[in-house]
Every structure is written in C-alpha cells, then in structure tokens.
$ cat entry.txt   # compact mmCIF, N, CA and C atoms
# COMPACT_ATOMS: atom_id res chain seq x y z
N MET A 1 0.85 -1.17 0.00
CA MET A 1 0.00 0.00 0.00
C MET A 1 0.90 1.23 0.00
N LYS A 2 0.55 2.18 -0.83
CA LYS A 2 1.31 3.42 -0.89
C LYS A 2 0.62 4.50 -0.07
N LEU A 3 1.42 5.37 0.50
CA LEU A 3 0.90 6.47 1.30
C LEU A 3 0.00 7.37 0.45
N GLU A 4 0.35 7.55 -0.82
CA GLU A 4 -0.44 8.41 -1.71
C GLU A 4 -1.87 7.89 -1.87
N VAL A 5 -2.02 6.57 -1.91
CA VAL A 5 -3.35 5.96 -2.02
C VAL A 5 -4.18 6.30 -0.79
N LEU A 6 -3.56 6.19 0.38
CA LEU A 6 -4.27 6.53 1.63
C LEU A 6 -4.70 8.00 1.62
N GLN A 7 -3.79 8.86 1.18
CA GLN A 7 -4.10 10.29 1.16
C GLN A 7 -5.24 10.61 0.18
N LYS A 8 -5.23 9.97 -0.98
CA LYS A 8 -6.30 10.19 -1.97
C LYS A 8 -7.64 9.69 -1.43
N ASP A 9 -7.62 8.54 -0.76
CA ASP A 9 -8.85 8.01 -0.18
C ASP A 9 -9.36 8.90 0.95
N MET A 10 -8.45 9.50 1.69
CA MET A 10 -8.85 10.41 2.76
C MET A 10 -9.53 11.65 2.16
N ILE A 11 -8.98 12.17 1.09
CA ILE A 11 -9.58 13.33 0.42
C ILE A 11 -10.96 12.96 -0.13
N ALA A 12 -11.07 11.76 -0.69
CA ALA A 12 -12.37 11.31 -1.21
C ALA A 12 -13.40 11.20 -0.09
N ALA A 13 -12.97 10.72 1.07
CA ALA A 13 -13.88 10.61 2.22
C ALA A 13 -14.30 12.00 2.70
N MET A 14 -13.38 12.95 2.64
CA MET A 14 -13.72 14.33 3.02
C MET A 14 -14.78 14.89 2.08
N LYS A 15 -14.58 14.68 0.79
CA LYS A 15 -15.53 15.19 -0.20
C LYS A 15 -16.90 14.54 -0.05
N ALA A 16 -16.90 13.26 0.35
CA ALA A 16 -18.16 12.53 0.54
C ALA A 16 -18.78 12.83 1.90
N LYS A 17 -18.10 13.64 2.70
CA LYS A 17 -18.56 14.00 4.05
C LYS A 17 -18.79 12.77 4.94
N ASP A 18 -17.92 11.78 4.76
CA ASP A 18 -17.95 10.56 5.57
C ASP A 18 -16.92 10.73 6.70
N LYS A 19 -17.37 11.31 7.80
CA LYS A 19 -16.47 11.67 8.89
C LYS A 19 -15.76 10.46 9.51
N ALA A 20 -16.49 9.38 9.74
CA ALA A 20 -15.89 8.21 10.37
C ALA A 20 -14.77 7.63 9.51
N ARG A 21 -15.03 7.53 8.21
CA ARG A 21 -14.02 6.99 7.29
C ARG A 21 -12.82 7.93 7.19
N LYS A 22 -13.10 9.22 7.12
CA LYS A 22 -12.02 10.20 7.02
C LYS A 22 -11.14 10.14 8.27
N ASP A 23 -11.77 10.06 9.44
CA ASP A 23 -11.01 10.00 10.69
C ASP A 23 -10.14 8.74 10.76
N SER A 24 -10.69 7.63 10.30
CA SER A 24 -9.94 6.37 10.32
C SER A 24 -8.73 6.43 9.39
N ILE A 25 -8.96 6.89 8.17
CA ILE A 25 -7.86 6.96 7.21
C ILE A 25 -6.84 8.01 7.66
N SER A 26 -7.32 9.09 8.24
CA SER A 26 -6.42 10.13 8.75
C SER A 26 -5.51 9.57 9.84
N ALA A 27 -6.06 8.72 10.69
CA ALA A 27 -5.25 8.10 11.74
C ALA A 27 -4.16 7.21 11.12
N LEU A 28 -4.50 6.49 10.06
CA LEU A 28 -3.51 5.66 9.37
C LEU A 28 -2.42 6.53 8.75
N VAL A 29 -2.83 7.60 8.06
CA VAL A 29 -1.86 8.49 7.41
C VAL A 29 -0.91 9.07 8.46
N SER A 30 -1.45 9.51 9.57
CA SER A 30 -0.62 10.08 10.64
C SER A 30 0.37 9.05 11.18
N ALA A 31 -0.10 7.83 11.40
CA ALA A 31 0.78 6.78 11.92
C ALA A 31 1.89 6.45 10.92
N VAL A 32 1.54 6.43 9.63
CA VAL A 32 2.54 6.14 8.59
C VAL A 32 3.58 7.26 8.54
N LYS A 33 3.11 8.50 8.57
CA LYS A 33 4.05 9.63 8.52
C LYS A 33 4.96 9.63 9.74
N LYS A 34 4.42 9.31 10.91
CA LYS A 34 5.23 9.25 12.13
C LYS A 34 6.30 8.17 12.00
N ALA A 35 5.92 7.01 11.47
CA ALA A 35 6.89 5.93 11.28
C ALA A 35 7.97 6.35 10.29
N GLY A 36 7.57 7.07 9.25
CA GLY A 36 8.54 7.56 8.27
C GLY A 36 9.53 8.52 8.91
N ILE A 37 9.04 9.41 9.74
CA ILE A 37 9.92 10.36 10.42
C ILE A 37 10.86 9.62 11.37
N ASP A 38 10.31 8.65 12.11
CA ASP A 38 11.12 7.88 13.06
C ASP A 38 12.24 7.10 12.37
N ASN A 39 12.00 6.69 11.12
CA ASN A 39 12.99 5.89 10.39
C ASN A 39 13.76 6.70 9.36
N ASN A 40 13.71 8.02 9.48
CA ASN A 40 14.47 8.92 8.60
C ASN A 40 14.18 8.73 7.12
N CYS A 41 12.93 8.44 6.78
CA CYS A 41 12.55 8.34 5.38
C CYS A 41 11.25 9.12 5.16
N ARG A 42 11.25 10.33 5.64
CA ARG A 42 10.07 11.18 5.67
C ARG A 42 9.45 11.39 4.28
N ASP A 43 10.28 11.61 3.27
CA ASP A 43 9.77 11.95 1.94
C ASP A 43 9.46 10.73 1.08
N ASP A 44 10.13 9.64 1.34
CA ASP A 44 9.95 8.44 0.52
C ASP A 44 9.72 7.24 1.43
N ILE A 45 8.48 7.06 1.86
CA ILE A 45 8.15 5.98 2.78
C ILE A 45 7.88 4.70 1.97
N PRO A 46 8.65 3.64 2.22
CA PRO A 46 8.46 2.40 1.44
C PRO A 46 7.14 1.70 1.76
N GLU A 47 6.66 0.95 0.78
CA GLU A 47 5.37 0.27 0.93
C GLU A 47 5.36 -0.72 2.08
N ASP A 48 6.48 -1.44 2.29
CA ASP A 48 6.49 -2.43 3.36
C ASP A 48 6.35 -1.76 4.73
N MET A 49 6.88 -0.55 4.87
CA MET A 49 6.71 0.18 6.13
C MET A 49 5.24 0.59 6.31
N VAL A 50 4.60 1.02 5.24
CA VAL A 50 3.19 1.38 5.30
C VAL A 50 2.37 0.17 5.72
N ASN A 51 2.67 -0.98 5.13
CA ASN A 51 1.95 -2.21 5.46
C ASN A 51 2.16 -2.60 6.93
N GLN A 52 3.38 -2.45 7.43
CA GLN A 52 3.64 -2.77 8.83
C GLN A 52 2.84 -1.86 9.76
N VAL A 53 2.78 -0.58 9.42
CA VAL A 53 2.02 0.37 10.24
C VAL A 53 0.54 0.01 10.23
N ILE A 54 0.02 -0.34 9.05
CA ILE A 54 -1.39 -0.72 8.95
C ILE A 54 -1.68 -1.93 9.83
N LEU A 55 -0.82 -2.93 9.77
CA LEU A 55 -1.01 -4.13 10.60
C LEU A 55 -0.93 -3.80 12.09
N LYS A 56 -0.03 -2.90 12.45
CA LYS A 56 0.10 -2.49 13.85
C LYS A 56 -1.17 -1.77 14.31
N GLU A 57 -1.70 -0.91 13.48
CA GLU A 57 -2.92 -0.17 13.83
C GLU A 57 -4.12 -1.11 13.93
N ILE A 58 -4.18 -2.10 13.05
CA ILE A 58 -5.27 -3.08 13.12
C ILE A 58 -5.20 -3.83 14.45
N LYS A 59 -4.01 -4.23 14.83
CA LYS A 59 -3.83 -4.94 16.10
C LYS A 59 -4.26 -4.06 17.27
N SER A 60 -3.91 -2.80 17.22
CA SER A 60 -4.27 -1.86 18.28
C SER A 60 -5.79 -1.71 18.39
N VAL A 61 -6.46 -1.55 17.26
CA VAL A 61 -7.92 -1.39 17.28
C VAL A 61 -8.59 -2.69 17.73
N ARG A 62 -8.05 -3.83 17.35
CA ARG A 62 -8.59 -5.12 17.78
C ARG A 62 -8.52 -5.21 19.31
N GLU A 63 -7.40 -4.77 19.88
CA GLU A 63 -7.26 -4.78 21.35
C GLU A 63 -8.28 -3.84 21.98
N GLN A 64 -8.50 -2.67 21.37
CA GLN A 64 -9.49 -1.74 21.90
C GLN A 64 -10.88 -2.37 21.88
N LEU A 65 -11.19 -3.06 20.80
CA LEU A 65 -12.49 -3.74 20.71
C LEU A 65 -12.63 -4.80 21.79
N ASP A 66 -11.57 -5.55 22.00
CA ASP A 66 -11.62 -6.64 22.97
C ASP A 66 -11.73 -6.15 24.41
N THR A 67 -11.15 -4.99 24.72
CA THR A 67 -11.14 -4.50 26.09
C THR A 67 -12.24 -3.50 26.39
N CYS A 68 -12.98 -3.10 25.39
CA CYS A 68 -14.03 -2.10 25.58
C CYS A 68 -15.19 -2.71 26.37
N PRO A 69 -15.70 -2.00 27.39
CA PRO A 69 -16.84 -2.50 28.15
C PRO A 69 -18.07 -2.70 27.26
N LYS A 70 -18.82 -3.74 27.51
CA LYS A 70 -19.99 -4.08 26.68
C LYS A 70 -21.06 -2.99 26.71
N GLU A 71 -21.19 -2.28 27.84
CA GLU A 71 -22.23 -1.26 27.93
C GLU A 71 -21.89 0.00 27.15
N ARG A 72 -20.65 0.15 26.69
CA ARG A 72 -20.25 1.32 25.91
C ARG A 72 -20.42 1.03 24.41
N THR A 73 -21.65 0.93 23.99
CA THR A 73 -21.94 0.59 22.59
C THR A 73 -21.47 1.68 21.64
N ASP A 74 -21.45 2.94 22.09
CA ASP A 74 -20.99 4.02 21.23
C ASP A 74 -19.51 3.84 20.88
N LEU A 75 -18.70 3.48 21.88
CA LEU A 75 -17.28 3.22 21.63
C LEU A 75 -17.08 1.98 20.78
N MET A 76 -17.87 0.95 21.06
CA MET A 76 -17.76 -0.30 20.30
C MET A 76 -18.02 -0.03 18.82
N GLU A 77 -19.04 0.75 18.52
CA GLU A 77 -19.37 1.07 17.13
C GLU A 77 -18.24 1.86 16.48
N GLN A 78 -17.69 2.81 17.21
CA GLN A 78 -16.59 3.62 16.69
C GLN A 78 -15.37 2.75 16.39
N TYR A 79 -15.00 1.89 17.33
CA TYR A 79 -13.85 1.00 17.14
C TYR A 79 -14.09 0.03 15.99
N GLN A 80 -15.31 -0.50 15.90
CA GLN A 80 -15.63 -1.45 14.84
C GLN A 80 -15.56 -0.77 13.48
N ALA A 81 -16.05 0.45 13.38
CA ALA A 81 -15.99 1.19 12.12
C ALA A 81 -14.54 1.43 11.71
N ARG A 82 -13.73 1.80 12.68
CA ARG A 82 -12.30 2.03 12.40
C ARG A 82 -11.62 0.74 11.98
N TYR A 83 -11.95 -0.35 12.66
CA TYR A 83 -11.38 -1.67 12.33
C TYR A 83 -11.76 -2.07 10.91
N ASP A 84 -13.02 -1.86 10.54
CA ASP A 84 -13.48 -2.22 9.20
C ASP A 84 -12.74 -1.43 8.12
N VAL A 85 -12.52 -0.14 8.36
CA VAL A 85 -11.79 0.68 7.39
C VAL A 85 -10.34 0.21 7.29
N PHE A 86 -9.72 -0.05 8.43
CA PHE A 86 -8.33 -0.52 8.43
C PHE A 86 -8.18 -1.82 7.67
N GLN A 87 -9.16 -2.71 7.80
CA GLN A 87 -9.11 -4.01 7.12
C GLN A 87 -9.09 -3.84 5.60
N GLU A 88 -9.72 -2.79 5.09
CA GLU A 88 -9.72 -2.54 3.64
C GLU A 88 -8.31 -2.32 3.12
N TYR A 89 -7.45 -1.76 3.94
CA TYR A 89 -6.10 -1.42 3.52
C TYR A 89 -5.05 -2.45 3.95
N ALA A 90 -5.47 -3.44 4.69
CA ALA A 90 -4.53 -4.45 5.19
C ALA A 90 -3.94 -5.25 4.03
N PRO A 91 -2.65 -5.52 4.10
CA PRO A 91 -2.04 -6.36 3.07
C PRO A 91 -2.57 -7.79 3.20
N SER A 92 -2.65 -8.47 2.07
CA SER A 92 -3.14 -9.85 2.12
C SER A 92 -2.09 -10.74 2.80
N MET A 93 -2.57 -11.61 3.65
CA MET A 93 -1.69 -12.49 4.41
C MET A 93 -1.62 -13.86 3.76
N MET A 94 -0.49 -14.53 3.98
CA MET A 94 -0.31 -15.87 3.45
C MET A 94 -1.16 -16.85 4.25
N SER A 95 -1.68 -17.86 3.55
CA SER A 95 -2.45 -18.91 4.23
C SER A 95 -1.49 -19.92 4.84
N GLU A 96 -2.04 -20.86 5.61
CA GLU A 96 -1.20 -21.91 6.21
C GLU A 96 -0.48 -22.71 5.15
N ALA A 97 -1.18 -23.04 4.07
CA ALA A 97 -0.57 -23.83 3.00
C ALA A 97 0.57 -23.07 2.33
N GLU A 98 0.38 -21.76 2.13
CA GLU A 98 1.43 -20.95 1.51
C GLU A 98 2.64 -20.83 2.44
N VAL A 99 2.39 -20.67 3.73
CA VAL A 99 3.48 -20.59 4.70
C VAL A 99 4.26 -21.90 4.71
N GLU A 100 3.54 -23.01 4.74
CA GLU A 100 4.20 -24.32 4.75
C GLU A 100 5.04 -24.53 3.50
N ALA A 101 4.49 -24.18 2.34
CA ALA A 101 5.23 -24.32 1.09
C ALA A 101 6.49 -23.47 1.10
N CYS A 102 6.38 -22.25 1.60
CA CYS A 102 7.53 -21.35 1.68
C CYS A 102 8.60 -21.92 2.61
N LEU A 103 8.19 -22.45 3.76
CA LEU A 103 9.14 -23.00 4.72
C LEU A 103 9.85 -24.22 4.16
N VAL A 104 9.10 -25.09 3.54
CA VAL A 104 9.69 -26.31 2.99
C VAL A 104 10.65 -25.96 1.85
N GLU A 105 10.28 -24.98 1.05
CA GLU A 105 11.10 -24.60 -0.11
C GLU A 105 12.37 -23.87 0.29
N LYS A 106 12.24 -22.84 1.15
CA LYS A 106 13.38 -21.97 1.45
C LYS A 106 14.17 -22.35 2.69
N PHE A 107 13.52 -23.01 3.65
CA PHE A 107 14.16 -23.22 4.94
C PHE A 107 14.24 -24.70 5.32
N SER A 108 14.37 -25.57 4.35
CA SER A 108 14.38 -27.01 4.65
C SER A 108 15.54 -27.41 5.55
N GLU A 109 16.72 -26.78 5.38
CA GLU A 109 17.86 -27.15 6.21
C GLU A 109 17.65 -26.73 7.67
N VAL A 110 16.98 -25.63 7.90
CA VAL A 110 16.70 -25.19 9.28
C VAL A 110 15.60 -26.06 9.89
N LEU A 111 14.62 -26.44 9.08
CA LEU A 111 13.54 -27.30 9.56
C LEU A 111 14.07 -28.66 10.01
N ALA A 112 15.15 -29.11 9.39
CA ALA A 112 15.73 -30.41 9.73
C ALA A 112 16.26 -30.44 11.16
N THR A 113 16.57 -29.27 11.72
CA THR A 113 17.10 -29.24 13.10
C THR A 113 16.03 -29.57 14.13
N LYS A 114 14.75 -29.38 13.79
CA LYS A 114 13.61 -29.61 14.68
C LYS A 114 13.66 -28.72 15.93
N ASN A 115 14.48 -27.68 15.90
CA ASN A 115 14.58 -26.72 17.00
C ASN A 115 13.66 -25.55 16.69
N LYS A 116 12.49 -25.54 17.34
CA LYS A 116 11.46 -24.55 17.01
C LYS A 116 11.95 -23.12 17.22
N GLY A 117 12.69 -22.87 18.28
CA GLY A 117 13.20 -21.53 18.55
C GLY A 117 14.13 -21.04 17.45
N GLN A 118 15.04 -21.91 17.02
CA GLN A 118 15.99 -21.56 15.96
C GLN A 118 15.26 -21.36 14.63
N ILE A 119 14.26 -22.18 14.37
CA ILE A 119 13.49 -22.06 13.13
C ILE A 119 12.75 -20.72 13.11
N MET A 120 12.07 -20.39 14.20
CA MET A 120 11.31 -19.13 14.27
C MET A 120 12.25 -17.93 14.11
N LYS A 121 13.40 -17.99 14.75
CA LYS A 121 14.37 -16.90 14.67
C LYS A 121 14.86 -16.69 13.24
N THR A 122 14.99 -17.76 12.50
CA THR A 122 15.47 -17.69 11.13
C THR A 122 14.40 -17.22 10.16
N ILE A 123 13.17 -17.70 10.33
CA ILE A 123 12.14 -17.42 9.32
C ILE A 123 11.35 -16.15 9.56
N MET A 124 11.27 -15.67 10.79
CA MET A 124 10.44 -14.50 11.07
C MET A 124 10.84 -13.25 10.28
N PRO A 125 12.13 -12.95 10.13
CA PRO A 125 12.46 -11.76 9.32
C PRO A 125 11.95 -11.87 7.87
N GLU A 126 11.94 -13.08 7.34
CA GLU A 126 11.49 -13.31 5.97
C GLU A 126 9.97 -13.19 5.83
N LEU A 127 9.24 -13.68 6.82
CA LEU A 127 7.77 -13.75 6.71
C LEU A 127 7.04 -12.66 7.48
N LYS A 128 7.75 -11.80 8.19
CA LYS A 128 7.10 -10.75 8.98
C LYS A 128 6.33 -9.82 8.06
N GLY A 129 5.06 -9.61 8.38
CA GLY A 129 4.21 -8.75 7.58
C GLY A 129 3.56 -9.46 6.40
N LYS A 130 4.00 -10.68 6.13
CA LYS A 130 3.42 -11.46 5.03
C LYS A 130 2.45 -12.51 5.54
N ALA A 131 2.65 -12.92 6.79
CA ALA A 131 1.79 -13.93 7.41
C ALA A 131 1.69 -13.62 8.89
N GLU A 132 0.59 -14.03 9.49
CA GLU A 132 0.41 -13.80 10.92
C GLU A 132 1.35 -14.71 11.71
N GLY A 133 1.88 -14.18 12.79
CA GLY A 133 2.81 -14.94 13.62
C GLY A 133 2.19 -16.22 14.17
N LYS A 134 0.91 -16.15 14.49
CA LYS A 134 0.21 -17.31 15.04
C LYS A 134 0.17 -18.44 13.99
N VAL A 135 -0.10 -18.10 12.75
CA VAL A 135 -0.15 -19.09 11.67
C VAL A 135 1.23 -19.70 11.46
N ILE A 136 2.25 -18.84 11.45
CA ILE A 136 3.63 -19.34 11.26
C ILE A 136 4.00 -20.29 12.37
N SER A 137 3.68 -19.92 13.61
CA SER A 137 4.00 -20.77 14.76
C SER A 137 3.31 -22.13 14.67
N GLN A 138 2.04 -22.13 14.26
CA GLN A 138 1.31 -23.40 14.13
C GLN A 138 1.93 -24.29 13.06
N VAL A 139 2.31 -23.71 11.94
CA VAL A 139 2.92 -24.49 10.85
C VAL A 139 4.27 -25.04 11.30
N VAL A 140 5.08 -24.24 11.98
CA VAL A 140 6.38 -24.70 12.45
C VAL A 140 6.20 -25.83 13.46
N ALA A 141 5.24 -25.69 14.37
CA ALA A 141 4.98 -26.73 15.37
C ALA A 141 4.60 -28.04 14.69
N ARG A 142 3.78 -27.94 13.64
CA ARG A 142 3.36 -29.15 12.93
C ARG A 142 4.53 -29.78 12.19
N LEU A 143 5.41 -28.97 11.60
CA LEU A 143 6.53 -29.49 10.85
C LEU A 143 7.64 -30.05 11.74
N CYS A 144 7.69 -29.60 12.99
CA CYS A 144 8.73 -30.07 13.92
C CYS A 144 8.39 -31.41 14.56
N LYS A 145 7.18 -31.87 14.42
CA LYS A 145 6.79 -33.16 15.04
C LYS A 145 7.37 -34.32 14.30
$ encode --input "entry.txt" --output "structure tokens"
Amino acid sequence: MKLEVLQKDMIAAMKAKDKARKDSISALVSAVKKAGIDNNCRDDIPEDMVNQVILKEIKSVREQLDTCPKERTDLMEQYQARYDVFQEYAPSMMSEAEVEACLVEKFSEVLATKNKGQIMKTIMPELKGKAEGKVISQVVARLCK
C-alpha cells in the first residue's frame, strides 16, 4: 500500500462528508508519517513500512475492541468502524498452505534441526508482515513433530 493511495482516499472521504471513514484513514496516514519520520525516510516511505504500520494499527484497534466494556456501545461502534476501514487497507496475508510451502522450499535445512526456537528466529524476518505470527508458529509446530 502506498501512502499516496491513503491520502487520496482520505480526500475522497472528506468530499463525501464521511467523517468516520475520514477519521480512520487520517489516523492511518498520521501513523505512517510518524513511522517515516522515526525511520528517517520522511519523503519516501516504502510500501512495506506502510503495510507494517497498517497491521500495527489493526492490532491496536482489535485490542481496543476486545477491552471495551460491553455497555459502551458508542465506543464499540466507533472502534468497529475504524477496524473495518483498516481491514480494507490491510495487506493480504499468506495462508497456512502458503506458509508451509515457503518453509519447505526456502528453509528445509533449518527445519531439519527440529529446534522450534531456531526455526522461528530464522524465518520471522522473511515472513514478517506477510503472514500472521500465530499461523507461522502453528505451521512450524506441525513441521517439527
């Protein structure tokens, strides 16, 4: 995902007077710009950094949804709306089958060690942001048996 796409969608939401959508996309744009400044790439923010920020924001909103009191329906609706908008921009994640195929193809020598900690340490930099950590862990556990 490119930052320019987020900015164009935010402008479109403003023109459509969709405040909830505009606020959600604005929060993403702000988080991406902050990450760019923190990593000294303010003017040219790479797509993988944008995707990482989007995934981080999705995780944050998911936690807000999970911890929000049930009687606060107004907050729940707000968080759910933000979560739904964030999901539109989320990068597609690899399935279990794709993760397994990737591991068997690229990391067969590490898998042979049957050391789950060493395997995770080796493969996480390669698959971070491409697949959920929980899915990767389940596939590694199954392959180590």
$ atom_distance --input "entry.txt" --atom1 "atom N of Asn115 (chain A)" --atom2 "atom C of Lys134 (chain A)"
17.1 Å
$ atom_distance --input "entry.txt" --atom1 "atom C of Val110 (chain A)" --atom2 "atom C of Ser137 (chain A)"
13.8 Å
$ residues_around --input "entry.txt" --residues "Ser24 (chain A)" --least-positions-apart "4" --cutoff "7 Å" --atoms "only C-alpha atoms" --output "PyMOL selection string"
chain A and resi 20+28+82+85
$ residues_around --input "entry.txt" --residues "Met1 (chain A)" --least-positions-apart "5" --cutoff "6 Å" --atoms "all atoms listed in the file" --output "list in words"
Glu47, Val50 and Asn51 of chain A
$ write_last_selection --input "entry.txt" --atoms "N, CA and C atoms" --output "PDB file, keeping the file's coordinate frame"
ATOM      1  N   GLU A  47       6.660   0.950   0.780  1.00  0.00           N
ATOM      2  CA  GLU A  47       5.370   0.270   0.930  1.00  0.00           C
ATOM      3  C   GLU A  47       5.360  -0.720   2.080  1.00  0.00           C
ATOM      4  N   VAL A  50       4.600   1.020   5.240  1.00  0.00           N
ATOM      5  CA  VAL A  50       3.190   1.380   5.300  1.00  0.00           C
ATOM      6  C   VAL A  50       2.370   0.170   5.720  1.00  0.00           C
ATOM      7  N   ASN A  51       2.670  -0.980   5.130  1.00  0.00           N
ATOM      8  CA  ASN A  51       1.950  -2.210   5.460  1.00  0.00           C
ATOM      9  C   ASN A  51       2.160  -2.600   6.930  1.00  0.00           C
TER      10      ASN A  51
END
$ select_by_dssp --input "entry.txt" --residues "chain A" --states "alpha helix (DSSP H)" --output "PyMOL selection string"
chain A and resi 3-15+19-38+47-67+73-89+96-106+108-111+116-127+133-144
$ residues_around --input "entry.txt" --residues "Val61 (chain A)" --least-positions-apart "5" --cutoff "7 Å" --atoms "all atoms listed in the file" --output "MDAnalysis selection string"
chainID A and resid 56 66 79 82:83
$ residues_around --input "entry.txt" --residues "Ile11 (chain A)" --least-positions-apart "4" --cutoff "10 Å" --atoms "only C-alpha atoms" --output "list in words"
Val5, Leu6, Gln7, Lys15, Ala16, Lys17, Lys22, Ile25 and Ser26 of chain A
$ atom_distance --input "entry.txt" --atom1 "atom C of Leu65 (chain A)" --atom2 "CA of Ala27 (chain A)"
17.9 Å
$ closest_residue --input "entry.txt" --among "A:Asp48, A:Glu63, A:Glu100, A:Glu105" --to "Gly129 (chain A)" --atoms "all atoms listed in the file"
A:Asp48
$ closest_residue --input "entry.txt" --among "A:Ser30, A:Thr113, A:Thr73, A:Ser108" --to "Cys144 (chain A)" --atoms "all atoms listed in the file"
A:Thr113
$ residues_around --input "entry.txt" --residues "region 91-94 of chain A" --least-positions-apart "6" --cutoff "6 Å" --atoms "only N, CA and C atoms" --output "ChimeraX atom specification"
/A:51,130-132
$ axis_aligned_box --input "entry.txt" --around "region 7-22 of chain A" --padding-each-side "3 Å" --output "lines of an AutoDock Vina configuration file"
center_x = -11.3
center_y = 11.1
center_z = 4.2
size_x = 21.0
size_y = 14.2
size_z = 18.3
$ closest_residue --input "entry.txt" --among "A:Ala141, A:Val99, A:Leu111, A:Ala81" --to "Leu127 (chain A)" --atoms "only C-alpha atoms"
A:Val99
$ closest_residue --input "entry.txt" --among "A:Ala12, A:Ala112, A:Val135, A:Val32" --to "Ser95 (chain A)" --atoms "only C-alpha atoms"
A:Val135
$ closest_residue --input "entry.txt" --among "A:Ile45, A:Ile123, A:Gly133, A:Val104" --to "Lys33 (chain A)" --atoms "only N, CA and C atoms"
A:Ile45
